[in-house]
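S.K.: Sharing model_0.csv below, CSV, C-alpha atoms and all ligand atoms:
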chain,number,residue,atom,x,y,z
E,1361,MET,CA,131.7,118.2,64.8
E,1362,LYS,CA,134.3,118.6,67.5
E,1363,LYS,CA,137.1,116.1,68.1
E,1364,ARG,CA,136.3,113.6,70.8
E,1365,ASN,CA,137.4,114.6,74.3
E,1366,GLU,CA,140.4,112.7,75.5
E,1367,THR,CA,139.4,111.1,78.8
E,1368,LYS,CA,141.3,108.8,81.1
E,1369,LYS,CA,141.4,105.2,79.9
E,1370,VAL,CA,139.4,102.7,82.0
E,1371,CYS,CA,139.0,99.0,81.3
E,1372,ILE,CA,135.8,97.2,82.0
E,1373,GLY,CA,136.7,93.6,81.5
E,1374,ARG,CA,137.9,93.2,78.0
E,1375,VAL,CA,136.4,96.6,76.9
E,1376,GLN,CA,138.3,99.9,77.0
E,1377,VAL,CA,136.4,103.1,77.6
E,1378,GLY,CA,137.8,106.6,77.4
E,1379,GLY,CA,141.2,107.6,75.9
E,1380,GLN,CA,139.3,108.6,72.7
E,1381,HIS,CA,138.4,104.9,72.2
E,1382,LYS,CA,135.1,104.5,70.3
E,1383,ILE,CA,131.8,105.2,72.1
E,1384,VAL,CA,130.8,102.0,73.8
E,1385,ILE,CA,127.2,100.8,73.8
E,1386,GLN,CA,125.7,99.5,76.9
E,1387,THR,CA,122.3,98.2,78.0
E,1388,MET,CA,120.7,96.8,81.1
E,1389,ALA,CA,119.2,93.3,81.6
E,1390,LYS,CA,115.6,92.9,82.4
E,1391,ASN,CA,116.2,89.6,84.3
E,1392,ARG,CA,117.9,89.2,87.7
E,1393,ALA,CA,121.5,88.0,87.6
E,1394,LYS,CA,120.5,85.0,89.8
E,1395,HIS,CA,118.2,83.7,87.1
E,1396,ILE,CA,121.2,82.3,85.3
E,1397,LYS,CA,119.6,80.8,82.2
E,1398,GLU,CA,117.5,83.9,81.4
E,1399,ALA,CA,120.4,86.2,82.3
E,1400,LEU,CA,122.7,84.4,79.9
E,1401,LYS,CA,120.1,84.4,77.2
E,1402,GLU,CA,119.8,88.2,77.6
E,1403,ILE,CA,123.6,88.7,77.6
E,1404,ASN,CA,124.1,86.7,74.4
E,1405,THR,CA,121.1,88.3,72.6
E,1406,TYR,CA,122.2,91.8,73.5
E,1407,ALA,CA,125.9,91.2,72.7
E,1408,THR,CA,124.9,89.9,69.3
E,1409,GLU,CA,122.8,93.0,68.7
E,1410,GLY,CA,125.7,95.4,69.6
E,1411,ALA,CA,125.8,95.7,73.4
E,1412,GLU,CA,129.4,95.8,74.5
E,1413,MET,CA,128.6,95.7,78.3
E,1414,ILE,CA,125.5,94.7,80.2
E,1415,ARG,CA,124.3,96.0,83.6
E,1416,PHE,CA,122.3,94.0,86.1
E,1417,SER,CA,120.3,95.2,89.1
E,1418,VAL,CA,121.6,93.5,92.2
E,1419,LEU,CA,118.9,93.1,94.8
E,1420,ASP,CA,120.1,90.3,97.1
E,1421,ASP,CA,123.0,88.0,97.9
E,1422,ALA,CA,122.0,85.5,95.2
E,1423,ASP,CA,122.2,88.2,92.5
E,1424,ALA,CA,125.6,89.3,93.8
E,1425,LEU,CA,127.0,85.7,93.9
E,1426,ALA,CA,125.6,84.9,90.4
E,1427,PHE,CA,128.4,86.9,88.7
E,1428,LYS,CA,130.7,84.0,89.5
E,1429,THR,CA,128.6,81.6,87.4
E,1430,LEU,CA,127.8,84.2,84.7
E,1431,LYS,CA,131.4,85.2,84.2
E,1432,ALA,CA,132.4,81.6,83.9
E,1433,GLN,CA,130.2,81.4,80.8
E,1434,THR,CA,130.6,84.8,79.1
E,1435,ASP,CA,133.4,87.3,78.5
E,1436,VAL,CA,130.9,90.1,77.9
E,1437,PRO,CA,131.7,92.7,80.5
E,1438,LEU,CA,129.0,92.8,83.3
E,1439,ILE,CA,128.2,95.6,85.6
E,1440,ALA,CA,126.5,95.3,89.0
E,1441,ASP,CA,124.1,98.1,89.8
E,1442,ILE,CA,123.9,98.5,93.5
E,1443,HIS,CA,121.6,100.8,95.5
E,1444,TYR,CA,121.7,101.2,99.3
E,1445,ASN,CA,123.3,97.9,100.4
E,1446,HIS,CA,127.1,98.2,100.2
E,1447,ARG,CA,127.5,94.6,101.2
E,1448,LEU,CA,126.1,93.5,97.9
E,1449,ALA,CA,128.7,95.5,96.1
E,1450,LEU,CA,131.5,93.8,98.0
E,1451,MET,CA,130.0,90.4,97.2
E,1452,ALA,CA,129.6,91.2,93.5
E,1453,ILE,CA,133.2,92.3,93.3
E,1454,GLU,CA,134.4,89.1,94.9
E,1455,ALA,CA,132.2,87.1,92.6
E,1456,GLY,CA,134.1,88.6,89.6
E,1457,VAL,CA,131.9,91.4,88.2
E,1458,ASP,CA,133.7,93.8,85.8
E,1459,LYS,CA,132.4,97.1,87.2
E,1460,ILE,CA,130.2,98.4,90.0
E,1461,ARG,CA,127.7,101.2,89.5
E,1462,ILE,CA,126.8,103.1,92.7
E,1463,ASN,CA,125.4,106.4,93.7
E,1464,PRO,CA,127.2,107.1,97.0
E,1465,GLY,CA,124.2,109.4,97.9
E,1466,ASN,CA,122.1,106.2,98.2
E,1467,ILE,CA,124.6,104.4,100.4
E,1468,ASN,CA,124.9,107.5,102.5
E,1469,ASP,CA,127.7,106.2,104.8
E,1470,GLN,CA,131.3,107.2,104.0
E,1471,GLU,CA,132.8,104.1,105.7
E,1472,LYS,CA,130.6,101.8,103.6
E,1473,VAL,CA,131.5,103.7,100.4
E,1474,LYS,CA,135.2,103.5,101.4
E,1475,ALA,CA,134.8,99.7,101.8
E,1476,ILE,CA,133.5,99.4,98.2
E,1477,VAL,CA,136.3,101.6,96.8
E,1478,GLU,CA,139.0,99.6,98.6
E,1479,LYS,CA,137.5,96.3,97.4
E,1480,ALA,CA,137.3,97.6,93.8
E,1481,LYS,CA,140.9,98.7,94.0
E,1482,ALA,CA,142.0,95.3,95.3
E,1483,PHE,CA,140.2,93.6,92.4
E,1484,GLN,CA,141.2,96.2,89.9
E,1485,ILE,CA,137.8,97.0,88.6
E,1486,PRO,CA,136.3,100.5,88.0
E,1487,ILE,CA,133.3,102.1,89.7
E,1488,ARG,CA,130.7,104.2,87.9
E,1489,LEU,CA,129.6,107.1,90.0
E,1490,GLY,CA,126.0,107.3,88.9
E,1491,ILE,CA,124.6,110.6,89.9
E,1492,ASN,CA,120.9,111.1,89.4
E,1493,LEU,CA,119.0,114.4,89.7
E,1494,GLY,CA,116.7,112.7,92.1
E,1495,SER,CA,119.4,111.7,94.6
E,1496,LEU,CA,122.1,114.3,95.0
E,1497,GLU,CA,124.8,114.8,97.6
E,1498,LYS,CA,123.1,116.8,100.4
E,1499,ASN,CA,125.4,119.8,100.5
E,1500,ALA,CA,125.3,120.2,96.7
E,1501,GLU,CA,121.5,120.1,96.7
E,1502,LYS,CA,121.4,122.6,99.5
E,1503,ALA,CA,123.7,125.0,97.7
E,1504,TYR,CA,122.3,124.6,94.1
E,1505,GLY,CA,118.9,122.9,94.3
E,1506,LYS,CA,118.0,120.2,91.9
E,1507,THR,CA,120.1,121.5,89.0
E,1508,ALA,CA,122.8,120.4,86.6
E,1509,LYS,CA,125.3,122.3,88.7
E,1510,ALA,CA,124.2,120.3,91.8
E,1511,MET,CA,124.8,117.0,89.9
E,1512,VAL,CA,128.3,118.0,88.9
E,1513,GLU,CA,129.1,119.3,92.4
E,1514,SER,CA,127.8,115.9,93.8
E,1515,ALA,CA,130.1,114.1,91.4
E,1516,LYS,CA,133.0,116.3,92.4
E,1517,THR,CA,132.5,115.6,96.1
E,1518,TYR,CA,132.6,111.8,95.4
E,1519,VAL,CA,135.4,111.9,92.9
E,1520,GLU,CA,137.5,113.8,95.4
E,1521,PHE,CA,136.7,111.2,98.1
E,1522,PHE,CA,137.6,108.4,95.7
E,1523,GLU,CA,140.9,110.1,94.8
E,1524,SER,CA,141.7,110.7,98.5
E,1525,LEU,CA,141.6,106.8,98.6
E,1526,ASP,CA,144.0,106.7,95.7
E,1527,PHE,CA,141.3,105.3,93.4
E,1528,TYR,CA,141.1,106.6,89.9
E,1529,ASP,CA,139.3,103.9,87.9
E,1530,ILE,CA,136.2,106.1,87.7
E,1531,VAL,CA,133.4,106.5,85.1
E,1532,ILE,CA,130.8,109.3,85.8
E,1533,SER,CA,127.2,109.6,84.8
E,1534,LEU,CA,124.9,112.5,85.5
E,1535,LYS,CA,121.4,111.5,84.7
E,1536,ALA,CA,118.3,113.7,84.5
E,1537,SER,CA,115.1,113.0,82.7
E,1538,ASP,CA,115.0,116.2,80.7
E,1539,VAL,CA,117.1,117.1,77.7
E,1540,ALA,CA,118.3,120.6,78.7
E,1541,THR,CA,119.5,119.5,82.2
E,1542,THR,CA,121.3,116.5,80.8
E,1543,ILE,CA,123.2,118.6,78.2
E,1544,GLU,CA,124.1,121.2,80.8
E,1545,ALA,CA,125.3,118.7,83.3
E,1546,TYR,CA,127.5,116.7,81.0
E,1547,SER,CA,128.9,119.8,79.3
E,1548,LEU,CA,129.9,121.2,82.7
E,1549,ALA,CA,131.3,117.8,83.8
E,1550,ALA,CA,133.4,117.6,80.6
E,1551,GLU,CA,135.1,120.9,81.5
E,1552,ILE,CA,136.0,119.6,85.0
E,1553,PHE,CA,136.7,115.9,84.8
E,1554,ASP,CA,139.0,113.9,82.6
E,1555,TYR,CA,137.2,110.6,83.6
E,1556,PRO,CA,135.1,108.8,81.0
E,1557,LEU,CA,131.5,109.9,80.9
E,1558,HIS,CA,128.6,107.5,80.5
E,1559,LEU,CA,125.8,109.3,78.7
E,1560,GLY,CA,122.1,108.7,79.2
E,1561,ILE,CA,118.8,110.2,80.0
E,1562,THR,CA,117.1,108.5,82.9
E,1563,GLU,CA,113.4,107.4,82.6
E,1564,ALA,CA,113.5,108.6,79.0
E,1565,GLY,CA,110.1,107.1,78.4
E,1566,PRO,CA,108.4,104.8,75.9
E,1567,THR,CA,110.2,103.9,72.6
E,1568,TYR,CA,109.2,106.9,70.4
E,1569,GLN,CA,109.5,109.6,73.0
E,1570,GLY,CA,112.5,108.1,74.7
E,1571,THR,CA,114.4,107.7,71.5
E,1572,ILE,CA,113.8,111.3,70.4
E,1573,LYS,CA,114.7,112.7,73.9
E,1574,SER,CA,117.8,110.6,74.1
E,1575,ALA,CA,118.9,111.4,70.5
E,1576,ALA,CA,118.4,115.2,71.2
E,1577,ALA,CA,120.5,115.2,74.4
E,1578,LEU,CA,123.1,112.6,73.5
E,1579,GLY,CA,123.4,113.9,70.0
E,1580,ALA,CA,124.2,117.4,71.2
E,1581,LEU,CA,126.8,116.0,73.6
E,1582,ILE,CA,128.4,113.7,71.0
E,1583,TYR,CA,128.6,116.6,68.6
E,1584,GLN,CA,130.6,118.5,71.2
E,1585,GLY,CA,133.0,115.5,71.5
E,1586,ILE,CA,131.6,114.4,74.9
E,1587,GLY,CA,130.8,110.9,75.9
E,1588,ASP,CA,132.6,107.5,76.2
E,1589,THR,CA,129.7,105.1,76.7
E,1590,ILE,CA,126.0,105.4,76.0
E,1591,ARG,CA,122.7,103.9,76.9
E,1592,ILE,CA,119.3,104.8,75.5
E,1593,SER,CA,116.9,103.8,78.3
E,1594,LEU,CA,113.5,102.9,76.9
E,1595,SER,CA,110.4,101.4,78.5
E,1596,GLY,CA,110.3,98.8,75.9
E,1597,ASP,CA,112.2,96.2,74.0
E,1598,ARG,CA,116.0,96.3,74.7
E,1599,LEU,CA,116.6,95.6,71.0
E,1600,ASP,CA,115.0,99.0,70.2
E,1601,GLU,CA,117.5,100.6,72.7
E,1602,LEU,CA,120.4,99.0,70.9
E,1603,LYS,CA,119.1,99.9,67.5
E,1604,ALA,CA,118.7,103.5,68.6
E,1605,CYS,CA,122.3,103.6,70.0
E,1606,LYS,CA,123.7,102.2,66.8
E,1607,THR,CA,121.7,104.5,64.6
E,1608,LEU,CA,122.6,107.5,66.7
E,1609,LEU,CA,126.3,106.7,66.6
E,1610,ALA,CA,126.2,105.9,62.9
E,1611,ALA,CA,124.6,109.3,62.3
E,1612,PHE,CA,127.9,110.8,63.6
E,1613,ASP,CA,130.0,108.2,61.6
E,1614,LEU,CA,131.0,106.7,64.9
E,1615,TYR,CA,129.5,103.2,64.2
E,1616,LYS,CA,129.7,101.0,61.2
E,1617,HIS,CA,126.1,100.7,60.2
E,1618,PRO,CA,124.3,101.0,56.9
E,1619,THR,CA,122.4,104.2,56.2
E,1620,LEU,CA,119.1,104.1,54.4
E,1621,ILE,CA,118.3,107.4,52.8
E,1622,SER,CA,114.7,107.7,51.7
E,1623,CYS,CA,112.5,110.6,50.7
E,1624,PRO,CA,109.3,111.4,52.7
E,1625,THR,CA,107.3,111.0,49.4
E,1626,CYS,CA,104.8,113.6,48.1
E,1627,GLY,CA,102.4,114.0,45.2
E,1628,ARG,CA,105.2,113.3,42.8
E,1629,LEU,CA,105.7,109.7,44.1
E,1630,ALA,CA,105.7,107.6,41.0
E,1631,TYR,CA,105.6,104.0,42.4
E,1632,GLU,CA,104.7,101.9,45.5
E,1633,MET,CA,107.7,102.8,47.6
E,1634,GLY,CA,106.6,101.9,51.2
E,1635,PRO,CA,107.0,98.1,51.0
E,1636,ILE,CA,110.4,98.5,49.3
E,1637,ILE,CA,111.7,100.7,52.2
E,1638,THR,CA,110.4,98.2,54.8
E,1639,GLU,CA,112.1,95.3,53.1
E,1640,ILE,CA,115.4,96.9,52.4
E,1641,GLU,CA,115.5,98.4,56.0
E,1642,GLN,CA,115.1,94.9,57.4
E,1643,TYR,CA,117.7,93.5,55.1
E,1644,LEU,CA,120.2,96.2,56.0
E,1645,GLU,CA,119.6,95.9,59.8
E,1646,ASN,CA,122.1,93.2,60.3
E,1647,HIS,CA,124.4,94.1,57.4
E,1648,PRO,CA,127.9,94.8,58.7
E,1649,THR,CA,128.8,97.6,56.4
E,1650,ASP,CA,128.6,101.4,56.4
E,1651,LEU,CA,127.0,101.4,53.0
E,1652,LYS,CA,124.7,104.3,52.0
E,1653,VAL,CA,121.6,103.2,50.2
E,1654,ALA,CA,119.1,105.7,48.8
E,1655,ILE,CA,115.5,105.0,47.8
E,1656,MET,CA,113.8,108.0,46.2
E,1657,GLY,CA,110.3,108.5,45.0
E,1658,CYS,CA,110.5,110.3,41.7
E,1659,SER,CA,112.7,111.4,38.8
E,1660,VAL,CA,112.5,115.1,39.8
E,1661,ASN,CA,114.4,115.2,43.1
E,1662,GLY,CA,115.3,111.5,43.3
E,1663,PRO,CA,118.4,111.3,41.1
E,1664,GLY,CA,120.4,113.8,43.1
E,1665,GLU,CA,120.2,111.8,46.3
E,1666,ALA,CA,120.4,108.5,44.5
E,1667,GLN,CA,123.6,109.7,42.9
E,1668,ASP,CA,125.2,110.7,46.2
E,1669,ALA,CA,124.6,107.3,47.8
E,1670,ASP,CA,126.7,104.1,47.2
E,1671,ILE,CA,123.7,102.5,45.8
E,1672,GLY,CA,120.5,104.3,44.9
E,1673,ILE,CA,117.3,104.2,43.0
E,1674,ALA,CA,115.1,106.9,41.7
E,1675,GLY,CA,111.6,105.8,40.8
E,1676,GLY,CA,109.7,106.7,37.7
E,1677,LYS,CA,106.3,105.5,36.5
E,1678,ASN,CA,106.3,101.7,37.0
E,1679,GLU,CA,110.1,101.7,36.8
E,1680,ALA,CA,113.2,103.1,38.4
E,1681,LEU,CA,116.8,104.0,37.7
E,1682,LEU,CA,119.6,102.2,39.5
E,1683,PHE,CA,122.6,104.2,40.5
E,1684,ILE,CA,125.9,102.7,41.7
E,1685,LYS,CA,128.5,105.2,43.0
E,1686,GLY,CA,126.8,108.0,41.2
E,1687,LYS,CA,126.4,106.4,37.8
E,1688,ILE,CA,123.2,105.2,36.2
E,1689,VAL,CA,123.6,101.5,35.7
E,1690,LYS,CA,120.3,100.5,34.3
E,1691,LYS,CA,116.5,101.0,34.2
E,1692,ILE,CA,114.6,98.4,36.3
E,1693,LYS,CA,110.9,97.4,36.4
E,1694,GLU,CA,109.1,98.2,39.6
E,1695,ASP,CA,108.6,94.6,40.6
E,1696,GLU,CA,112.4,94.0,40.3
E,1697,ILE,CA,113.5,96.8,42.6
E,1698,ILE,CA,113.9,94.8,45.8
E,1699,LYS,CA,115.8,91.9,44.2
E,1700,THR,CA,118.0,94.3,42.2
E,1701,LEU,CA,118.8,96.4,45.3
E,1702,ILE,CA,119.7,93.3,47.3
E,1703,ASP,CA,121.9,91.9,44.5
E,1704,ALA,CA,123.6,95.2,44.1
E,1705,ILE,CA,124.3,95.5,47.9
E,1706,GLU,CA,125.7,92.0,48.0
E,1707,ARG,CA,127.9,92.6,44.9
E,1708,TYR,CA,129.0,95.9,46.4
E,1709,ASP,CA,130.1,94.2,49.6
E,1710,LYS,CA,132.2,91.7,47.7
E,1711,SER,CA,133.9,94.3,45.5
Z,1,LIG,S1,112.0,112.6,45.8
Z,1,LIG,FE1,110.2,113.1,44.6
Z,1,LIG,S2,108.6,111.9,45.5
Z,1,LIG,FE2,110.2,112.0,47.0
Z,1,LIG,S3,109.6,113.7,48.3
Z,1,LIG,FE3,111.1,114.5,46.7
Z,1,LIG,S4,109.8,115.2,45.1
Z,1,LIG,FE4,108.5,113.9,46.4
Would it be possible to restate this file's structure as structure tokens?
Ligand code: SF4
M.R.:
Amino acid sequence: MKKRNETKKVCIGRVQVGGQHKIVIQTMAKNRAKHIKEALKEINTYATEGAEMIRFSVLDDADALAFKTLKAQTDVPLIADIHYNHRLALMAIEAGVDKIRINPGNINDQEKVKAIVEKAKAFQIPIRLGINLGSLEKNAEKAYGKTAKAMVESAKTYVEFFESLDFYDIVISLKASDVATTIEAYSLAAEIFDYPLHLGITEAGPTYQGTIKSAAALGALIYQGIGDTIRISLSGDRLDELKACKTLLAAFDLYKHPTLISCPTCGRLAYEMGPIITEIEQYLENHPTDLKVAIMGCSVNGPGEAQDADIGIAGGKNEALLFIKGKIVKKIKEDEIIKTLIDAIERYDKS
């Protein structure tokens, strides 16, 4: 895995992105910002589950003004997502939002974009240039069609405009809905820009498909050292998005999250393994360690993996071997496996 790219440091409220800081997880609220009670509930739930910044769609004046009330009640960085109406961006900035996300192609008026940039500069907040394959800068699309190159050229045009206004607090995203275009666009962008990149696939799909597509694209980029913030956009429960982000980052050792290693089972399976996996997976979900736990189905291939984990079991007929840090500790009965594993995890945490 390559060393993470060193990008410019940008602060979004209390959270730093870029400058080789960790990859920051973000999600998007389902509620409108103006529905304060519901919005706060979402903010608190997602923050507890690992979201470090939360974006809201801003559709009218009340949404833009709501950031004043929300920011009085939370220090979780909030982002206003604005399409078309630059006036809402100005209002959201004045109301205290921590970042604005715009696609200048949707605002389509240089003076209006300039007004947003100047306001963001005055309030010292960053702007995410959110380029989508579906709404490119006109000249870039004319020259390169709907391609990764056109996305990067669109971003370049807007970045140059922002820089001409002496504004550098920029984050860039280049979202397409397919894996190859996404990888190509961000790889190209990483060669050109030193601004932080927010990674994501747009309209990734329902939970299963969207998670796999996002993991394929974002995983390839993270492996190359690219990416400063991520969102996995799913048409489903936001907690699944956050779980997917945490699991993906943990797979690259970029997030402190327990790993559960388990075999796919086969004809050698010697005991009822499924319910044990389910229970231990749930137990580990909110466990703040990077412990590796292995649950293996038999004594043929099981001991090897169980030995390599921090805590492992390899099942035999009606019983299993418990391994801690590679050493066999004891033989346990099948109906004691869950309790023994949980006790071992808790003891390990305290040691
Ligand atoms: S560990 Fe054993 S039961 Fe599990 S897949 Fe491998 S051989 Fe089959």
S.K.: Compile a residue-level contact table for segment 1503-1617 of chain E against segment 1454-1474 of chain E at a cut-off of 10 Å, reporting for every qualifying residue the shortest atom pair and its distance in Å to one decimal, with only C-alpha atoms counted, rows ordered by chain and ascending number, as JSON lines.
M.R.:
{"residue": "E:Ser1514", "atom": "CA", "partner": "E:Gly1465", "partner_atom": "CA", "distance": 8.5}
{"residue": "E:Ala1515", "atom": "CA", "partner": "E:Asn1463", "partner_atom": "CA", "distance": 9.3}
{"residue": "E:Tyr1518", "atom": "CA", "partner": "E:Pro1464", "partner_atom": "CA", "distance": 7.3}
{"residue": "E:Phe1521", "atom": "CA", "partner": "E:Lys1474", "partner_atom": "CA", "distance": 8.5}
{"residue": "E:Phe1522", "atom": "CA", "partner": "E:Lys1474", "partner_atom": "CA", "distance": 7.9}
{"residue": "E:Leu1525", "atom": "CA", "partner": "E:Lys1474", "partner_atom": "CA", "distance": 7.7}
{"residue": "E:Asp1529", "atom": "CA", "partner": "E:Lys1459", "partner_atom": "CA", "distance": 9.7}
{"residue": "E:Ile1530", "atom": "CA", "partner": "E:Lys1459", "partner_atom": "CA", "distance": 9.8}
{"residue": "E:Val1531", "atom": "CA", "partner": "E:Arg1461", "partner_atom": "CA", "distance": 8.9}
{"residue": "E:Ile1532", "atom": "CA", "partner": "E:Arg1461", "partner_atom": "CA", "distance": 9.4}
{"residue": "E:Ser1533", "atom": "CA", "partner": "E:Asn1463", "partner_atom": "CA", "distance": 9.6}
S.K.: Take atom CA of Ile1487 of chain E and atom CA of Tyr1528 of chain E and report the distance between them in Å, one decimal.
M.R.: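 Computed distance, atom CA of Ile1487 of chain E to atom CA of Tyr1528 of chain E, equals 9.0 Å.
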S.K.: Grab the atom FE3 of ligand LIG 1 (chain Z) to atom CA of Thr1625 of chain E distance for me, in Å with one decimal place.
M.R.: 5.8 Å
S.K.: Looking at E:Ala1536, E:Ile1590, E:Leu1701, E:Ile1655, which one is nearest to ligand LIG 1 (chain Z), with distances taken over all atoms listed in the file?
M.R.: E:Ile1655
S.K.: From the list E:Pro1556, E:Gly1657, E:Pro1663, E:Gly1596, which residue is nearest Pro1486 of chain E when using only C-alpha atoms?
M.R.: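 Smallest distance to Pro1486 of chain E is found for E:Pro1556.
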S.K.: For a quick check of your reading of the model, name the residues lying within 12 Å of the coordinate (114.0, 94.4, 68.9), counting all atoms listed in the file, and write them as a list of chain:residue names.
M.R.: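 Result, sorted by chain then residue number: E:Thr1405, E:Tyr1406, E:Thr1408, E:Glu1409, E:Gly1410, E:Thr1567, E:Leu1594, E:Gly1596, E:Asp1597, E:Arg1598, E:Leu1599, E:Asp1600, E:Glu1601, E:Leu1602, E:Lys1603, E:Ala1604, E:Gln1642, E:Glu1645, E:Asn1646.
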S.K.: Which residues form the shell of 7 Å around ligand LIG 1 (chain Z) when you count only C-alpha atoms and all ligand atoms, given as a PDB file with C-alpha atoms, in the coordinates of the input?
M.R.:
ATOM      1  CA  CYS E1623     112.500 110.600  50.700  1.00  0.00           C
ATOM      2  CA  PRO E1624     109.300 111.400  52.700  1.00  0.00           C
ATOM      3  CA  THR E1625     107.300 111.000  49.400  1.00  0.00           C
ATOM      4  CA  CYS E1626     104.800 113.600  48.100  1.00  0.00           C
ATOM      5  CA  GLY E1627     102.400 114.000  45.200  1.00  0.00           C
ATOM      6  CA  ARG E1628     105.200 113.300  42.800  1.00  0.00           C
ATOM      7  CA  LEU E1629     105.700 109.700  44.100  1.00  0.00           C
ATOM      8  CA  ALA E1630     105.700 107.600  41.000  1.00  0.00           C
ATOM      9  CA  MET E1656     113.800 108.000  46.200  1.00  0.00           C
ATOM     10  CA  GLY E1657     110.300 108.500  45.000  1.00  0.00           C
ATOM     11  CA  CYS E1658     110.500 110.300  41.700  1.00  0.00           C
ATOM     12  CA  SER E1659     112.700 111.400  38.800  1.00  0.00           C
ATOM     13  CA  VAL E1660     112.500 115.100  39.800  1.00  0.00           C
ATOM     14  CA  ASN E1661     114.400 115.200  43.100  1.00  0.00           C
ATOM     15  CA  GLY E1662     115.300 111.500  43.300  1.00  0.00           C
TER      16      GLY E1662
END
S.K.: Tell me, as a list of chain:residue names, which residues lie within 12 Å of Glu1641 of chain E, counting all atoms listed in the file; anything in the same chain fewer than 3 positions away does not count.
M.R.: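 Here the qualifying residues turn out to be E:His1617, E:Pro1618, E:Thr1619, E:Leu1620, E:Ile1621, E:Ser1622, E:Gly1634, E:Pro1635, E:Ile1636, E:Ile1637, E:Thr1638, E:Leu1644, E:Glu1645, E:Asn1646, E:His1647, E:Lys1652, E:Val1653, E:Ala1654, E:Ile1655, E:Ile1698, E:Leu1701, E:Ile1702.
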S.K.: Selection from above, C-alpha atoms, as a tab-separated table (two decimals), keeping the file's coordinate frame, can you write it?
M.R.:
chain	number	residue	atom	x	y	z
E	1617	HIS	CA	126.10	100.70	60.20
E	1618	PRO	CA	124.30	101.00	56.90
E	1619	THR	CA	122.40	104.20	56.20
E	1620	LEU	CA	119.10	104.10	54.40
E	1621	ILE	CA	118.30	107.40	52.80
E	1622	SER	CA	114.70	107.70	51.70
E	1634	GLY	CA	106.60	101.90	51.20
E	1635	PRO	CA	107.00	98.10	51.00
E	1636	ILE	CA	110.40	98.50	49.30
E	1637	ILE	CA	111.70	100.70	52.20
E	1638	THR	CA	110.40	98.20	54.80
E	1644	LEU	CA	120.20	96.20	56.00
E	1645	GLU	CA	119.60	95.90	59.80
E	1646	ASN	CA	122.10	93.20	60.30
E	1647	HIS	CA	124.40	94.10	57.40
E	1652	LYS	CA	124.70	104.30	52.00
E	1653	VAL	CA	121.60	103.20	50.20
E	1654	ALA	CA	119.10	105.70	48.80
E	1655	ILE	CA	115.50	105.00	47.80
E	1698	ILE	CA	113.90	94.80	45.80
E	1701	LEU	CA	118.80	96.40	45.30
E	1702	ILE	CA	119.70	93.30	47.30
S.K.: Do you have the atom CA of Gly1494 of chain E-atom CA of Ile1543 of chain E distance handy?
M.R.: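 Answer for the atom CA of Gly1494 of chain E to atom CA of Ile1543 of chain E separation: 16.4 Å.
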S.K.: Per residue of segment 1479-1596 of chain E within 8 Å of segment 1443-1453 of chain E, record the nearest atom pair and its distance in Å to one decimal, counting only C-alpha atoms, with rows in chain order and ascending residue number, as a Markdown table.
M.R.:
| residue | atom | partner | partner_atom | distance |
| --- | --- | --- | --- | --- |
| E:Lys1479 | CA | E:Leu1450 | CA | 6.5 |
| E:Ala1480 | CA | E:Ile1453 | CA | 6.7 |
| E:Phe1483 | CA | E:Ile1453 | CA | 7.2 |
S.K.: From the set E:Gly1373, E:Phe1427, E:Lys1506, E:Leu1614, which residue has the shortest atom-to-atom contact distance to Gln1484 of chain E, counting all atoms listed in the file?
M.R.: E:Gly1373
S.K.: Between E:Lys1369, E:Lys1516, E:Lys1397, E:Lys1690, which is the closest to Lys1382 of chain E once you count only C-alpha atoms?
M.R.: E:Lys1369
S.K.: Pick the closest to Gly1587 of chain E from E:Glu1513, E:Asp1554, E:Glu1412, E:Glu1520: which is it, counting all atoms listed in the file?
M.R.: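 Checking each candidate against Gly1587 of chain E, we get E:Asp1554 as the closest.
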S.K.: Once you count all atoms listed in the file, which residues end up no further than 9 Å from (130.9, 91.8, 53.7) in the file's frame, shown as a ChimeraX atom specification?
M.R.: /E:1647-1649,1706,1708-1710
S.K.: Would you kindly return, as a PDB file with C-alpha atoms, keeping the file's coordinate frame, each protein, DNA or RNA residue with an atom no farther than 9 Å from any atom of segment 1390-1393 of chain E, considering all atoms listed in the file and excluding same-chain residues fewer than 4 positions away?
M.R.:
ATOM      1  CA  GLU E1398     117.500  83.900  81.400  1.00  0.00           C
ATOM      2  CA  ALA E1399     120.400  86.200  82.300  1.00  0.00           C
ATOM      3  CA  LEU E1400     122.700  84.400  79.900  1.00  0.00           C
ATOM      4  CA  GLU E1402     119.800  88.200  77.600  1.00  0.00           C
ATOM      5  CA  PHE E1416     122.300  94.000  86.100  1.00  0.00           C
ATOM      6  CA  SER E1417     120.300  95.200  89.100  1.00  0.00           C
ATOM      7  CA  VAL E1418     121.600  93.500  92.200  1.00  0.00           C
ATOM      8  CA  LEU E1419     118.900  93.100  94.800  1.00  0.00           C
ATOM      9  CA  ALA E1422     122.000  85.500  95.200  1.00  0.00           C
ATOM     10  CA  ASP E1423     122.200  88.200  92.500  1.00  0.00           C
ATOM     11  CA  ALA E1424     125.600  89.300  93.800  1.00  0.00           C
ATOM     12  CA  LEU E1425     127.000  85.700  93.900  1.00  0.00           C
ATOM     13  CA  ALA E1426     125.600  84.900  90.400  1.00  0.00           C
ATOM     14  CA  PHE E1427     128.400  86.900  88.700  1.00  0.00           C
ATOM     15  CA  LEU E1430     127.800  84.200  84.700  1.00  0.00           C
ATOM     16  CA  ALA E1440     126.500  95.300  89.000  1.00  0.00           C
ATOM     17  CA  ARG E1598     116.000  96.300  74.700  1.00  0.00           C
TER      18      ARG E1598
END
S.K.: Between E:Lys1363, E:Arg1488, E:Lys1693, E:Lys1509, which has the minimum distance to Arg1415 of chain E (counting only C-alpha atoms)?
M.R.: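 Looking only at the distances to Arg1415 of chain E, the closest residue turns out to be E:Arg1488.
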